[in-house]
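Enquirer: This structure is in structure tokens; I'll ask about it shortly.
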Amino acid sequence: MALAKLPQLESVFLTDAGLETDFIFNRGIDLPYFASITLLQSSDGKIALEEYFRGFLELARRMRCGLILESATWRASPDWAEPLGLSQQELDTLNTSAIAILRDLRDEFGSTMPAVVISGCLGPRGDGYDPGKIMSEEGAEAYHRHQAEVLASAGVDQLTAITMTNVPEAIGIAKAAKSLAVPVAISFTVETDGRLPTGDRLSDALRAVDQATASTPAYYMINCAHPSHFAAVLEDGADWVNRIGGLRANASRCSHAEVDAMSELDRGNPEELAALHSELRLRFPHINVLGGCCGTDLDHITAIAEACL
């Protein structure tokens, strides 16, 4: 079965920002275990989530570009059901609801803008900063396939693995997506030295996943790191860099450990962040997906869009 070609491979698409940090620090809404899926447990939460996404839809419409709607399912894989006080069936239902909201928003906005892509978000099994106990490729595929199948059945256009800290887990997710015949993007996070939390070089990580999966990922991304952490390791003209199609950077220049310990949000400098994105786009014009991660909000994505489009 041939996979559909994703439109963001051909033109610039925006994404949303740091959903979880925006809700916790800017909107005063608690998300237990950083799980934005809990917003879908109440009508107020659903309304707040829809309002959040509408801001980015309106921005993309104004900028006349596409938008990737990333589901609020980053921390909604099977291991998180028990800590969240849910049965697996209840968590599956919330995953399905997360996609339904995005499909409704696409119906509302889709005819007024170039394209809206619905992405089912898969987060790491454990912590987004610390790889912890690393699974085998086979173990990762078996673990993540459950949520991937739920999201695929709900009608996503693609899956996106966000904040991957290690290679075997990324390989497992790519294989799970391939078995379901759903396009997948793999997004790694890096430390201040541009390496994965495991110490692997970003270049080695991308090449390892491609080699193990016959280049299954439609593209790769970098997220949950400031551009100053990874810009220097991106080699002009390198084959592996050509596989990087998106950036979802943090607002703060701080390390993961420093960000994790913060009691107040570091919003960084939106204009500086936008300028750094513009510089990266000049070096690597094939990087079409532009969004944000921890500490960013609509203001940051607006600045990035205006600087890059």
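Each chain in the structure tokens gets a letter, A, B and so on, in the order shown; residues start at 1 in every chain, and ligands are counted from 1 in the order they appear.
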Among segment 49-228 of chain A, which ones does DSSP assign to strand (DSSP E or B) (computed from the backbone)? Answer as a ChimeraX atom specification.

Expert: /A:66-70,116-122,158-164,184-188,195,201,219-223

Enquirer: With C-alpha atoms kept, could you save the residues just selected as a compact mmCIF listing (two decimals), in the first residue's frame?

Expert:
```txt
# COMPACT_ATOMS: atom_id res chain seq x y z
CA GLY A 66 -0.74 25.08 5.84
CA LEU A 67 -1.02 23.96 9.45
CA ILE A 68 -0.31 20.66 11.17
CA LEU A 69 -2.76 20.04 14.00
CA GLU A 70 -0.87 17.88 16.52
CA VAL A 116 -4.68 21.24 7.35
CA VAL A 117 -2.87 18.02 8.28
CA ILE A 118 -4.00 16.02 11.31
CA SER A 119 -1.14 14.35 13.17
CA GLY A 120 -1.45 11.78 15.92
CA CYS A 121 1.18 12.59 18.53
CA LEU A 122 3.16 9.77 20.16
CA GLN A 158 0.14 10.89 9.88
CA LEU A 159 1.76 10.00 13.19
CA THR A 160 4.50 12.09 14.81
CA ALA A 161 6.82 10.78 17.51
CA ILE A 162 7.69 13.83 19.61
CA THR A 163 10.65 14.22 21.98
CA MET A 164 12.41 10.96 21.17
CA VAL A 184 5.31 8.96 10.37
CA ALA A 185 7.65 11.78 11.36
CA ILE A 186 10.28 11.21 14.03
CA SER A 187 11.33 14.15 16.19
CA PHE A 188 14.42 13.86 18.38
CA ARG A 195 23.50 15.24 21.07
CA ARG A 201 25.11 12.24 17.70
CA TYR A 219 10.92 13.22 7.59
CA TYR A 220 12.64 13.96 10.88
CA MET A 221 12.32 16.90 13.24
CA ILE A 222 14.15 18.41 16.20
CA ASN A 223 12.10 19.53 19.17
```

Enquirer: Hey, what's within 12 Å of Asp200 of chain A if we count only C-alpha atoms and toss same-chain stuff fewer than 3 positions away? As an MDAnalysis selection string, please?

Expert: chainID A and resid 131 165:168 188:191 193:197 203:208

Enquirer: Counting only C-alpha atoms, which residues of segment 103-175 of chain A fall within 12 Å of segment 42-63 of chain A, and what is the closest atom pair for each with its distance in Å at one decimal, ordered by chain and rising number, as CSV?

Expert:
```
residue,atom,partner,partner_atom,distance
A:Arg103,CA,A:Glu50,CA,11.1
A:Asp104,CA,A:Glu50,CA,9.6
A:Leu105,CA,A:Glu50,CA,7.7
A:Arg106,CA,A:Leu57,CA,8.9
A:Asp107,CA,A:Leu57,CA,11.7
A:Glu108,CA,A:Arg54,CA,9.8
A:Phe109,CA,A:Leu57,CA,7.2
A:Gly110,CA,A:Leu57,CA,9.1
A:Ser111,CA,A:Arg61,CA,10.1
A:Thr112,CA,A:Arg61,CA,6.9
A:Met113,CA,A:Arg61,CA,5.2
A:Pro114,CA,A:Arg61,CA,7.9
A:Ala115,CA,A:Arg61,CA,9.4
A:Val116,CA,A:Leu57,CA,8.6
A:Val117,CA,A:Leu57,CA,11.2
A:Ile118,CA,A:Phe53,CA,11.9
```

Enquirer: Can you list every residue of segment 185-257 of chain A that has an atom at most 10 Å from segment 297-303 of chain A, with its nearest atom pair and the distance in Å to one decimal, using only C-alpha atoms, ordered by chain then number, as a tab-separated table?

Expert:
```
residue	atom	partner	partner_atom	distance
A:Arg248	CA	A:Ile301	CA	9.7
A:Asn250	CA	A:His300	CA	9.9
A:Ala251	CA	A:His300	CA	8.0
```

Enquirer: I want to know what sits within 9 Å of segment 144-149 of chain A, based on only C-alpha atoms, with residues of the same chain fewer than 2 positions away left out; could you give that as a ChimeraX atom specification?

Expert: /A:76-78,92,95,120-122,124-125,139-142,151-154,159,169,172-173,175-177,179-180

Enquirer: Do you have the atom CA of Ala214 of chain A-atom CA of Ser136 of chain A distance handy?

Expert: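 So the two atoms, atom CA of Ala214 of chain A and atom CA of Ser136 of chain A, lie 17.9 Å apart.
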
Enquirer: Which residues, written as a VMD selection string, have at least one atom at most 10 Å from Ser255 of chain A, with only C-alpha atoms counted and residues fewer than 5 positions away on the same chain left out?

Expert: chain A and resid 129 190 to 193 224 to 226 229 260

Enquirer: Got a sec: who's within 8 Å of Leu19 of chain A, counting only C-alpha atoms, leaving out chain neighbours fewer than 3 positions off, as a list of chain:residue names?

Expert: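 Near Leu19 of chain A, the qualifying residues are A:Asp16, A:Asp22, A:Phe23, A:Ser36, A:Cys293, A:Cys294, A:Asp297.
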
Enquirer: Nearest to Ala238 of chain A among A:Asp127, A:Glu20, A:Arg283, A:Glu271, with distances taken over only C-alpha atoms: which residue is it?

Expert: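 Going through A:Asp127, A:Glu20, A:Arg283, A:Glu271 one by one, the smallest distance to Ala238 of chain A is for A:Arg283.
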
Enquirer: Among segment 66-119 of chain A, which ones does DSSP assign to alpha helix (DSSP H) (computed from the backbone)? Answer as a list in words.

Expert: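 Here is the list: Gln88, Gln89, Glu90, Leu91, Asp92, Thr93, Leu94, Asn95, Thr96, Ser97, Ala98, Ile99, Ala100, Ile101, Leu102, Arg103, Asp104, Leu105, Arg106, Asp107, Glu108 and Phe109 of chain A.
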
Enquirer: Save the residues we just selected, N, CA, C and O atoms, as a PDB file, in the first residue's frame?

Expert:
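Okay, this is what ended up in out.pdb:
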```
ATOM      1  N   GLN A  88      -7.575   1.322  30.400  1.00  0.00           N
ATOM      2  CA  GLN A  88      -7.032   1.431  29.052  1.00  0.00           C
ATOM      3  C   GLN A  88      -8.116   1.835  28.056  1.00  0.00           C
ATOM      4  O   GLN A  88      -7.876   2.635  27.152  1.00  0.00           O
ATOM      5  N   GLN A  89      -9.308   1.315  28.235  1.00  0.00           N
ATOM      6  CA  GLN A  89     -10.402   1.666  27.335  1.00  0.00           C
ATOM      7  C   GLN A  89     -10.731   3.157  27.432  1.00  0.00           C
ATOM      8  O   GLN A  89     -10.993   3.814  26.414  1.00  0.00           O
ATOM      9  N   GLU A  90     -10.737   3.692  28.647  1.00  0.00           N
ATOM     10  CA  GLU A  90     -11.015   5.123  28.820  1.00  0.00           C
ATOM     11  C   GLU A  90      -9.933   5.974  28.164  1.00  0.00           C
ATOM     12  O   GLU A  90     -10.234   6.999  27.525  1.00  0.00           O
ATOM     13  N   LEU A  91      -8.675   5.556  28.302  1.00  0.00           N
ATOM     14  CA  LEU A  91      -7.589   6.302  27.676  1.00  0.00           C
ATOM     15  C   LEU A  91      -7.691   6.219  26.159  1.00  0.00           C
ATOM     16  O   LEU A  91      -7.466   7.214  25.459  1.00  0.00           O
ATOM     17  N   ASP A  92      -8.045   5.051  25.638  1.00  0.00           N
ATOM     18  CA  ASP A  92      -8.231   4.903  24.194  1.00  0.00           C
ATOM     19  C   ASP A  92      -9.329   5.840  23.694  1.00  0.00           C
ATOM     20  O   ASP A  92      -9.200   6.462  22.631  1.00  0.00           O
ATOM     21  N   THR A  93     -10.401   5.955  24.455  1.00  0.00           N
ATOM     22  CA  THR A  93     -11.511   6.833  24.071  1.00  0.00           C
ATOM     23  C   THR A  93     -11.063   8.286  24.031  1.00  0.00           C
ATOM     24  O   THR A  93     -11.451   9.046  23.124  1.00  0.00           O
ATOM     25  N   LEU A  94     -10.232   8.684  24.983  1.00  0.00           N
ATOM     26  CA  LEU A  94      -9.715  10.053  24.988  1.00  0.00           C
ATOM     27  C   LEU A  94      -8.797  10.296  23.789  1.00  0.00           C
ATOM     28  O   LEU A  94      -8.820  11.374  23.183  1.00  0.00           O
ATOM     29  N   ASN A  95      -7.990   9.300  23.441  1.00  0.00           N
ATOM     30  CA  ASN A  95      -7.145   9.421  22.252  1.00  0.00           C
ATOM     31  C   ASN A  95      -8.004   9.645  21.008  1.00  0.00           C
ATOM     32  O   ASN A  95      -7.698  10.491  20.160  1.00  0.00           O
ATOM     33  N   THR A  96      -9.072   8.887  20.898  1.00  0.00           N
ATOM     34  CA  THR A  96      -9.973   9.030  19.758  1.00  0.00           C
ATOM     35  C   THR A  96     -10.632  10.411  19.754  1.00  0.00           C
ATOM     36  O   THR A  96     -10.755  11.053  18.703  1.00  0.00           O
ATOM     37  N   SER A  97     -11.032  10.877  20.942  1.00  0.00           N
ATOM     38  CA  SER A  97     -11.648  12.199  21.051  1.00  0.00           C
ATOM     39  C   SER A  97     -10.680  13.312  20.664  1.00  0.00           C
ATOM     40  O   SER A  97     -11.084  14.329  20.085  1.00  0.00           O
ATOM     41  N   ALA A  98      -9.389  13.114  20.973  1.00  0.00           N
ATOM     42  CA  ALA A  98      -8.385  14.123  20.629  1.00  0.00           C
ATOM     43  C   ALA A  98      -8.306  14.321  19.124  1.00  0.00           C
ATOM     44  O   ALA A  98      -8.076  15.435  18.637  1.00  0.00           O
ATOM     45  N   ILE A  99      -8.487  13.248  18.359  1.00  0.00           N
ATOM     46  CA  ILE A  99      -8.468  13.353  16.900  1.00  0.00           C
ATOM     47  C   ILE A  99      -9.788  13.918  16.391  1.00  0.00           C
ATOM     48  O   ILE A  99      -9.812  14.713  15.440  1.00  0.00           O
ATOM     49  N   ALA A 100     -10.889  13.551  17.009  1.00  0.00           N
ATOM     50  CA  ALA A 100     -12.196  14.053  16.588  1.00  0.00           C
ATOM     51  C   ALA A 100     -12.259  15.571  16.665  1.00  0.00           C
ATOM     52  O   ALA A 100     -12.816  16.234  15.771  1.00  0.00           O
ATOM     53  N   ILE A 101     -11.679  16.146  17.723  1.00  0.00           N
ATOM     54  CA  ILE A 101     -11.657  17.603  17.858  1.00  0.00           C
ATOM     55  C   ILE A 101     -10.900  18.238  16.699  1.00  0.00           C
ATOM     56  O   ILE A 101     -11.325  19.243  16.129  1.00  0.00           O
ATOM     57  N   LEU A 102      -9.777  17.636  16.321  1.00  0.00           N
ATOM     58  CA  LEU A 102      -8.981  18.187  15.226  1.00  0.00           C
ATOM     59  C   LEU A 102      -9.708  18.043  13.895  1.00  0.00           C
ATOM     60  O   LEU A 102      -9.629  18.934  13.037  1.00  0.00           O
ATOM     61  N   ARG A 103     -10.402  16.954  13.705  1.00  0.00           N
ATOM     62  CA  ARG A 103     -11.168  16.770  12.466  1.00  0.00           C
ATOM     63  C   ARG A 103     -12.282  17.808  12.357  1.00  0.00           C
ATOM     64  O   ARG A 103     -12.548  18.353  11.275  1.00  0.00           O
ATOM     65  N   ASP A 104     -12.925  18.120  13.472  1.00  0.00           N
ATOM     66  CA  ASP A 104     -13.969  19.153  13.481  1.00  0.00           C
ATOM     67  C   ASP A 104     -13.374  20.526  13.142  1.00  0.00           C
ATOM     68  O   ASP A 104     -13.980  21.307  12.395  1.00  0.00           O
ATOM     69  N   LEU A 105     -12.200  20.810  13.692  1.00  0.00           N
ATOM     70  CA  LEU A 105     -11.552  22.091  13.398  1.00  0.00           C
ATOM     71  C   LEU A 105     -11.148  22.172  11.932  1.00  0.00           C
ATOM     72  O   LEU A 105     -11.254  23.233  11.307  1.00  0.00           O
ATOM     73  N   ARG A 106     -10.683  21.059  11.376  1.00  0.00           N
ATOM     74  CA  ARG A 106     -10.343  21.078   9.949  1.00  0.00           C
ATOM     75  C   ARG A 106     -11.591  21.326   9.100  1.00  0.00           C
ATOM     76  O   ARG A 106     -11.545  22.069   8.122  1.00  0.00           O
ATOM     77  N   ASP A 107     -12.711  20.724   9.489  1.00  0.00           N
ATOM     78  CA  ASP A 107     -13.954  20.975   8.764  1.00  0.00           C
ATOM     79  C   ASP A 107     -14.332  22.447   8.820  1.00  0.00           C
ATOM     80  O   ASP A 107     -14.856  23.004   7.843  1.00  0.00           O
ATOM     81  N   GLU A 108     -14.026  23.084   9.961  1.00  0.00           N
ATOM     82  CA  GLU A 108     -14.388  24.490  10.147  1.00  0.00           C
ATOM     83  C   GLU A 108     -13.490  25.424   9.348  1.00  0.00           C
ATOM     84  O   GLU A 108     -13.952  26.406   8.764  1.00  0.00           O
ATOM     85  N   PHE A 109     -12.183  25.120   9.301  1.00  0.00           N
ATOM     86  CA  PHE A 109     -11.212  26.050   8.701  1.00  0.00           C
ATOM     87  C   PHE A 109     -10.678  25.604   7.340  1.00  0.00           C
ATOM     88  O   PHE A 109     -10.145  26.420   6.593  1.00  0.00           O
TER      89      PHE A 109
END
```

Enquirer: As an exercise, work out the distance from atom CA of Thr216 of chain A to atom CA of Asn242 of chain A in Å and give it to one decimal place.

Expert: 14.7 Å

Enquirer: One decimal, in Å: what's the spacing between atom CA of Ala17 of chain A and atom CA of Leu290 of chain A?

Expert: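 Pair atom CA of Ala17 of chain A / atom CA of Leu290 of chain A returns 9.4 Å.
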
Enquirer: Give me the residues within 12 Å of Pro32 of chain A as an MDAnalysis selection string, counting only C-alpha atoms and dropping any in the same chain fewer than 2 places off.

Expert: chainID A and resid 20 23:24 29:30 34:39 75:76 80:81 83:85

Enquirer: Would you save the residues from that selection as an mmCIF file, in the first residue's frame, using N, CA, C and O atoms?

Expert:
```cif
data_model
loop_
_atom_site.group_PDB
_atom_site.id
_atom_site.type_symbol
_atom_site.label_atom_id
_atom_site.label_comp_id
_atom_site.auth_asym_id
_atom_site.auth_seq_id
_atom_site.Cartn_x
_atom_site.Cartn_y
_atom_site.Cartn_z
ATOM 1 N N GLU A 20 1.545 22.116 26.510
ATOM 2 C CA GLU A 20 1.495 21.830 27.945
ATOM 3 C C GLU A 20 1.989 23.010 28.785
ATOM 4 O O GLU A 20 1.351 23.378 29.789
ATOM 5 N N PHE A 23 -0.602 25.878 28.726
ATOM 6 C CA PHE A 23 -1.770 25.679 29.582
ATOM 7 C C PHE A 23 -1.415 25.789 31.058
ATOM 8 O O PHE A 23 -2.151 26.390 31.842
ATOM 9 N N ILE A 24 -0.286 25.224 31.449
ATOM 10 C CA ILE A 24 0.072 25.221 32.869
ATOM 11 C C ILE A 24 0.485 26.614 33.343
ATOM 12 O O ILE A 24 -0.013 27.107 34.368
ATOM 13 N N ILE A 29 -4.017 26.208 34.001
ATOM 14 C CA ILE A 29 -4.771 24.955 33.978
ATOM 15 C C ILE A 29 -3.821 23.804 34.295
ATOM 16 O O ILE A 29 -2.841 23.585 33.586
ATOM 17 N N ASP A 30 -4.115 23.079 35.343
ATOM 18 C CA ASP A 30 -3.243 21.985 35.767
ATOM 19 C C ASP A 30 -3.358 20.807 34.809
ATOM 20 O O ASP A 30 -4.458 20.428 34.380
ATOM 21 N N PHE A 34 1.801 16.216 33.227
ATOM 22 C CA PHE A 34 2.050 16.903 31.951
ATOM 23 C C PHE A 34 1.193 16.319 30.837
ATOM 24 O O PHE A 34 1.536 16.401 29.662
ATOM 25 N N ALA A 35 0.073 15.716 31.202
ATOM 26 C CA ALA A 35 -0.765 14.997 30.243
ATOM 27 C C ALA A 35 -1.901 15.886 29.759
ATOM 28 O O ALA A 35 -2.941 16.015 30.426
ATOM 29 N N SER A 36 -1.742 16.471 28.584
ATOM 30 C CA SER A 36 -2.780 17.338 28.033
ATOM 31 C C SER A 36 -4.025 16.562 27.628
ATOM 32 O O SER A 36 -5.096 17.145 27.436
ATOM 33 N N ILE A 37 -3.924 15.238 27.533
ATOM 34 C CA ILE A 37 -5.084 14.410 27.211
ATOM 35 C C ILE A 37 -6.185 14.595 28.250
ATOM 36 O O ILE A 37 -7.375 14.413 27.960
ATOM 37 N N THR A 38 -5.828 14.998 29.470
ATOM 38 C CA THR A 38 -6.820 15.174 30.533
ATOM 39 C C THR A 38 -7.772 16.332 30.244
ATOM 40 O O THR A 38 -8.849 16.403 30.832
ATOM 41 N N LEU A 39 -7.390 17.233 29.347
ATOM 42 C CA LEU A 39 -8.293 18.331 28.977
ATOM 43 C C LEU A 39 -9.581 17.793 28.366
ATOM 44 O O LEU A 39 -10.632 18.428 28.446
ATOM 45 N N ARG A 75 1.305 12.423 26.071
ATOM 46 C CA ARG A 75 1.401 11.554 27.250
ATOM 47 C C ARG A 75 0.090 10.792 27.403
ATOM 48 O O ARG A 75 -0.688 10.997 28.331
ATOM 49 N N ALA A 76 -0.161 9.902 26.458
ATOM 50 C CA ALA A 76 -1.421 9.157 26.470
ATOM 51 C C ALA A 76 -1.227 7.743 25.945
ATOM 52 O O ALA A 76 -2.144 7.146 25.396
ATOM 53 N N TRP A 80 0.495 5.283 30.878
ATOM 54 C CA TRP A 80 0.002 6.459 31.589
ATOM 55 C C TRP A 80 -1.443 6.329 32.031
ATOM 56 O O TRP A 80 -1.954 7.197 32.741
ATOM 57 N N ALA A 81 -2.113 5.246 31.649
ATOM 58 C CA ALA A 81 -3.509 5.078 32.062
ATOM 59 C C ALA A 81 -3.631 5.010 33.585
ATOM 60 O O ALA A 81 -4.407 5.756 34.192
ATOM 61 N N PRO A 83 -1.480 5.906 36.164
ATOM 62 C CA PRO A 83 -1.206 7.139 36.906
ATOM 63 C C PRO A 83 -2.305 8.190 36.756
ATOM 64 O O PRO A 83 -2.539 8.991 37.678
ATOM 65 N N LEU A 84 -2.975 8.198 35.601
ATOM 66 C CA LEU A 84 -4.036 9.175 35.363
ATOM 67 C C LEU A 84 -5.389 8.704 35.892
ATOM 68 O O LEU A 84 -6.402 9.404 35.731
ATOM 69 N N GLY A 85 -5.404 7.531 36.510
ATOM 70 C CA GLY A 85 -6.640 7.019 37.083
ATOM 71 C C GLY A 85 -7.641 6.558 36.037
ATOM 72 O O GLY A 85 -8.860 6.625 36.258
#
```
